[in-house]
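Below you'll find the structure, written out as structure tokens, and then a few comments.
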Amino acid sequence: MGQAIRGSTYAPGLVALSLVTACSAADAATGRTDPAQNAGSAPEAVRAAATVLVTPADSSGDVPTDMPVLIGARGGTLKKVSVKGSKGSLAGVLSADGTQWRSRETAAPGATYKVTVEAVNPDGKTTETTSSFSTAEAEDRFSIASLTPHKDYTGLTVGVGMPIMITFDRDISDRVEVERNLLVRTSKPVQGAWHWFDDRTVHFRPKRFWPAYTKVRLEARLAGVRGGEGLYGKADRVLDFRIGRSQITQGSVQSHHLTVKRDGKRIRTIPMSAGQGGQWKYHTTSGIHLAMSREPVTVMISPGISPGQPGYYRKTVYNTVRISNSGEYVHSAPWSVGSQGNANVSHGCVNVSPGHAKWFIDNTLIGDPIIITGSPRVLEPLNGWGHWQEDWSEWTRWSSTLGFVTETA
């Protein structure tokens with residue numbers, strides 16, 4: 001259908017129809033026929049081939065490893081995309097309409113990549129485009145030096161208070177880039193955040209205790225990730241672990257009892273004797289402790305006191321559960337059974353009877369919360385795993401990404 005001439009009083013259809021009628025009359029008078037009538041209809045316009053746009057541009061050098069490869073098709077859709085490098089290929093995601101592709105992996109440092117793209121227009125005509133780029137060289141590499149939970153130290157079924165703890169072997173200055181590549185997946189959605197304690201130490205905890213029986217996967221996608229100027233990640237790491245039943249122990253230095261609740265139900269009440277006080281170091285700390293280790297035998301030595309000095313002791317104790325780095329344990333203390341439940345006589349530990357101590361160590365998971373109240377001495381956030389001593393605003397203050405809801409596995 002043609003366009004109407006501005007100022008004309010004729011509709012487009014009428015103008016076209018008049019032209020056809022006039023031509024037909026003239027042809028009839030001369031005996032000629034219309035070639036278009038013999039052909040059936042006029043041929044459609046030939047469509048242009050699809051064009052492809054690639055970022056990084058062809059022959060780019062010193063490309064940051066975290067810069068995504070972006071490919072778009074104009075006047076068609078992407079049929080095939082390949083990004084092959086001298087140190088491995090990059091996988092990516094295609095948009096629903098087939099017009100855009102984005103790499104989902106971090107490129108390797110000091111690598112050259114060849115990009116091959118096939119696009120097709122609506123007529124089925126294929127366009128092939130190739131380009132290449134190279135990434136910045138790595139001057140140094142970083143990796144994970146330690147990762148907790150650990151199957152040998154904590155087991156892979158842990159308590160509802162358990163943090164994920166990572167220590168790197170190099171100082172990290174680009175915390176944002178590293179943190180956003182530490183992906184936490186869970187079987188139930190959980191709000192949580194990473195927290196940097198220093199340039200090598202970052203821990204994750206939920207806003208509230210983990211839901212019981214949650215499956216957790218950490219994907220540390222660090223290969224090629226920029227950790228600082230000239231510093232790139234060496235390798236990826238994956239950790240799978242499980243949250244066990246919810247067991248929370250609460251005790252008061254004033255009531256002299258521990259109450260153990262499992263999945264919300266009280267299952268045991270344990271008489272205890274806490275720190276005697278007098279000196280600051282002899283107060284049991286108040287706060288949310290976590291079970292850090294289970295030790296069948298522990299040798300305890302008086303802190304800051306040498307042999308022969310008043311107050312020195314060296315004692316072998318049994319069935320101990322460590323709850324801080326300042327020497328606090330829940331442990332068997334047959335010598336104080338008479339005071340357990342009514343007086344505080346320890347040097348800061350939580351004394352319980354041999355029978356209760358055996359039950360407690362057998363029924364505790366690493367990461368179980370043990371909450372003590374009533375003491376003037378408060379557990380410091382850096383005393384052992386005192387992570388829960390910081391409220392959520394304080395915890396996220398030291399996060400580069402300010403928290404997120406985990407992806408479901």
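So you can find residues: chains in the structure tokens are A, B, ... in the order shown, residues in each start at 1, and ligands are numbered from 1 in order.
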Neighbouring residues of range 219-236 of chain A were defined as those with any atom within 12 Å, considering only C-alpha atoms; residues of the same chain fewer than 5 positions away were excluded. Please report them as a PyMOL selection string. chain A and resi 62-68+87-88+90+104-111+135-145+147+164-166+168-186+199-200+241+406-407+409
Spatial neighbours of Met292 in chain A, max dist 12 Å, only C-alpha atoms, sep filter under 6 positions, as a count of residues only: 32
To one decimal place, how far is CA of Ala49 in chain A from CA of Pro122 in chain A in Å?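 Distance reported for this atom pair: 8.9 Å.
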Long-range neighbours of range 211-214 of chain A as an mmCIF file with all heavy atoms, in the first residue's frame, 6 Å cut-off, only C-alpha atoms, 3 positions minimum in chain:
data_model
loop_
_atom_site.group_PDB
_atom_site.id
_atom_site.type_symbol
_atom_site.label_atom_id
_atom_site.label_comp_id
_atom_site.auth_asym_id
_atom_site.auth_seq_id
_atom_site.Cartn_x
_atom_site.Cartn_y
_atom_site.Cartn_z
ATOM 1 N N SER A 187 19.345 -25.280 50.374
ATOM 2 C CA SER A 187 18.100 -25.970 50.045
ATOM 3 C C SER A 187 16.884 -25.175 50.492
ATOM 4 O O SER A 187 15.764 -25.426 50.032
ATOM 5 C CB SER A 187 18.077 -27.360 50.688
ATOM 6 O OG SER A 187 18.246 -27.276 52.099
ATOM 7 N N ARG A 242 26.067 -29.778 55.645
ATOM 8 C CA ARG A 242 24.661 -29.870 56.035
ATOM 9 C C ARG A 242 24.486 -29.332 57.443
ATOM 10 O O ARG A 242 25.328 -29.560 58.316
ATOM 11 C CB ARG A 242 24.207 -31.327 55.962
ATOM 12 C CG ARG A 242 22.739 -31.589 56.267
ATOM 13 C CD ARG A 242 22.410 -33.058 56.017
ATOM 14 N NE ARG A 242 21.014 -33.375 56.278
ATOM 15 C CZ ARG A 242 20.555 -33.796 57.453
ATOM 16 N NH1 ARG A 242 21.388 -33.963 58.466
ATOM 17 N NH2 ARG A 242 19.275 -34.068 57.611
ATOM 18 N N ILE A 243 23.412 -28.618 57.663
ATOM 19 C CA ILE A 243 23.038 -28.186 59.001
ATOM 20 C C ILE A 243 22.218 -29.303 59.646
ATOM 21 O O ILE A 243 21.293 -29.842 59.031
ATOM 22 C CB ILE A 243 22.218 -26.880 58.953
ATOM 23 C CG1 ILE A 243 22.966 -25.798 58.165
ATOM 24 C CG2 ILE A 243 21.905 -26.411 60.364
ATOM 25 C CD1 ILE A 243 24.324 -25.444 58.700
ATOM 26 N N GLY A 244 22.569 -29.655 60.862
ATOM 27 C CA GLY A 244 21.851 -30.728 61.558
ATOM 28 C C GLY A 244 20.605 -30.218 62.249
ATOM 29 O O GLY A 244 20.045 -29.171 61.901
ATOM 30 N N ARG A 245 20.171 -30.969 63.229
ATOM 31 C CA ARG A 245 19.004 -30.555 64.028
ATOM 32 C C ARG A 245 19.338 -29.265 64.757
ATOM 33 O O ARG A 245 20.505 -28.918 64.960
ATOM 34 C CB ARG A 245 18.619 -31.649 65.034
ATOM 35 C CG ARG A 245 19.542 -31.760 66.263
ATOM 36 C CD ARG A 245 20.927 -32.298 65.925
ATOM 37 N NE ARG A 245 21.823 -32.292 67.074
ATOM 38 C CZ ARG A 245 22.569 -31.269 67.447
ATOM 39 N NH1 ARG A 245 22.522 -30.133 66.796
ATOM 40 N NH2 ARG A 245 23.358 -31.374 68.499
ATOM 41 N N SER A 246 18.336 -28.507 65.167
ATOM 42 C CA SER A 246 18.577 -27.284 65.916
ATOM 43 C C SER A 246 18.738 -27.624 67.389
ATOM 44 O O SER A 246 17.782 -28.044 68.044
ATOM 45 C CB SER A 246 17.409 -26.307 65.733
ATOM 46 O OG SER A 246 17.550 -25.193 66.589
#
For Val337 in chain A, which of A:Leu290, A:Ile270, A:Val253, A:Val120 is the closest residue, counting only C-alpha atoms?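 Answer, going by the shortest atom-to-atom distance: A:Ile270.
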Which polymer residues have any atom within 7 Å of an atom of Val54 in chain A, counting only C-alpha atoms, with same-chain residues fewer than 2 positions away left out, as JSON, numbers by chain? {"A": [52, 56, 57, 70, 71, 72]}
For N, CA and C atoms, I'd like the residues from the last selection saved as a PDB file, in the first residue's frame.
ATOM      1  N   VAL A  52      26.651  -8.670  13.770  1.00  0.00           N
ATOM      2  CA  VAL A  52      27.054  -9.136  15.098  1.00  0.00           C
ATOM      3  C   VAL A  52      27.961  -8.109  15.744  1.00  0.00           C
ATOM      4  N   PRO A  56      34.728  -7.848  24.387  1.00  0.00           N
ATOM      5  CA  PRO A  56      35.694  -6.828  23.975  1.00  0.00           C
ATOM      6  C   PRO A  56      35.874  -6.780  22.458  1.00  0.00           C
ATOM      7  N   ALA A  57      36.290  -5.627  21.979  1.00  0.00           N
ATOM      8  CA  ALA A  57      36.487  -5.448  20.546  1.00  0.00           C
ATOM      9  C   ALA A  57      37.635  -6.313  20.046  1.00  0.00           C
ATOM     10  N   LEU A  70      30.371  -9.948  25.806  1.00  0.00           N
ATOM     11  CA  LEU A  70      28.997  -9.632  25.424  1.00  0.00           C
ATOM     12  C   LEU A  70      28.861  -9.708  23.913  1.00  0.00           C
ATOM     13  N   ILE A  71      27.863 -10.427  23.436  1.00  0.00           N
ATOM     14  CA  ILE A  71      27.642 -10.601  22.002  1.00  0.00           C
ATOM     15  C   ILE A  71      26.178 -10.315  21.698  1.00  0.00           C
ATOM     16  N   GLY A  72      25.945  -9.506  20.686  1.00  0.00           N
ATOM     17  CA  GLY A  72      24.582  -9.199  20.294  1.00  0.00           C
ATOM     18  C   GLY A  72      24.384  -9.347  18.794  1.00  0.00           C
TER      19      GLY A  72
END
From the set A:Trp335, A:Val317, A:Trp196, A:Ile305, which residue has the shortest atom-to-atom contact distance to Leu382 in chain A, counting only C-alpha atoms?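 Residue with the minimum atom-to-atom distance to Leu382 in chain A: A:Trp196.
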Best match for closeness to Gln276 in chain A among A:Ser375, A:Thr401, A:Thr55, A:Gln191, counting only C-alpha atoms: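 Result for the nearest residue to Gln276 in chain A: A:Ser375.
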Contact residues around Lys315 in chain A with only C-alpha atoms at 8 Å, ignoring same-chain residues under 6 positions, as a PDB file with N, CA, C and O atoms, in the first residue's frame:
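Once written, out.pdb looks like this:
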ATOM      1  N   VAL A 299      44.433 -30.943  78.396  1.00  0.00           N
ATOM      2  CA  VAL A 299      45.295 -30.536  79.492  1.00  0.00           C
ATOM      3  C   VAL A 299      45.151 -29.030  79.665  1.00  0.00           C
ATOM      4  O   VAL A 299      45.446 -28.262  78.749  1.00  0.00           O
ATOM      5  N   MET A 300      44.674 -28.605  80.816  1.00  0.00           N
ATOM      6  CA  MET A 300      44.438 -27.192  81.094  1.00  0.00           C
ATOM      7  C   MET A 300      45.532 -26.654  82.002  1.00  0.00           C
ATOM      8  O   MET A 300      45.846 -27.249  83.037  1.00  0.00           O
ATOM      9  N   ILE A 301      46.096 -25.505  81.614  1.00  0.00           N
ATOM     10  CA  ILE A 301      47.178 -24.870  82.362  1.00  0.00           C
ATOM     11  C   ILE A 301      46.753 -23.450  82.712  1.00  0.00           C
ATOM     12  O   ILE A 301      46.174 -22.732  81.891  1.00  0.00           O
TER      13      ILE A 301
END
For a test of reading the model, state the distance in Å between CA of Ile267 in chain A and CA of Asp362 in chain A, rounded to one decimal. 13.9 Å
So how many Å separate CA of Gly98 in chain A and CA of Ala50 in chain A, to one decimal?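 Spanning CA of Gly98 in chain A to CA of Ala50 in chain A is a straight-line distance of 12.5 Å.
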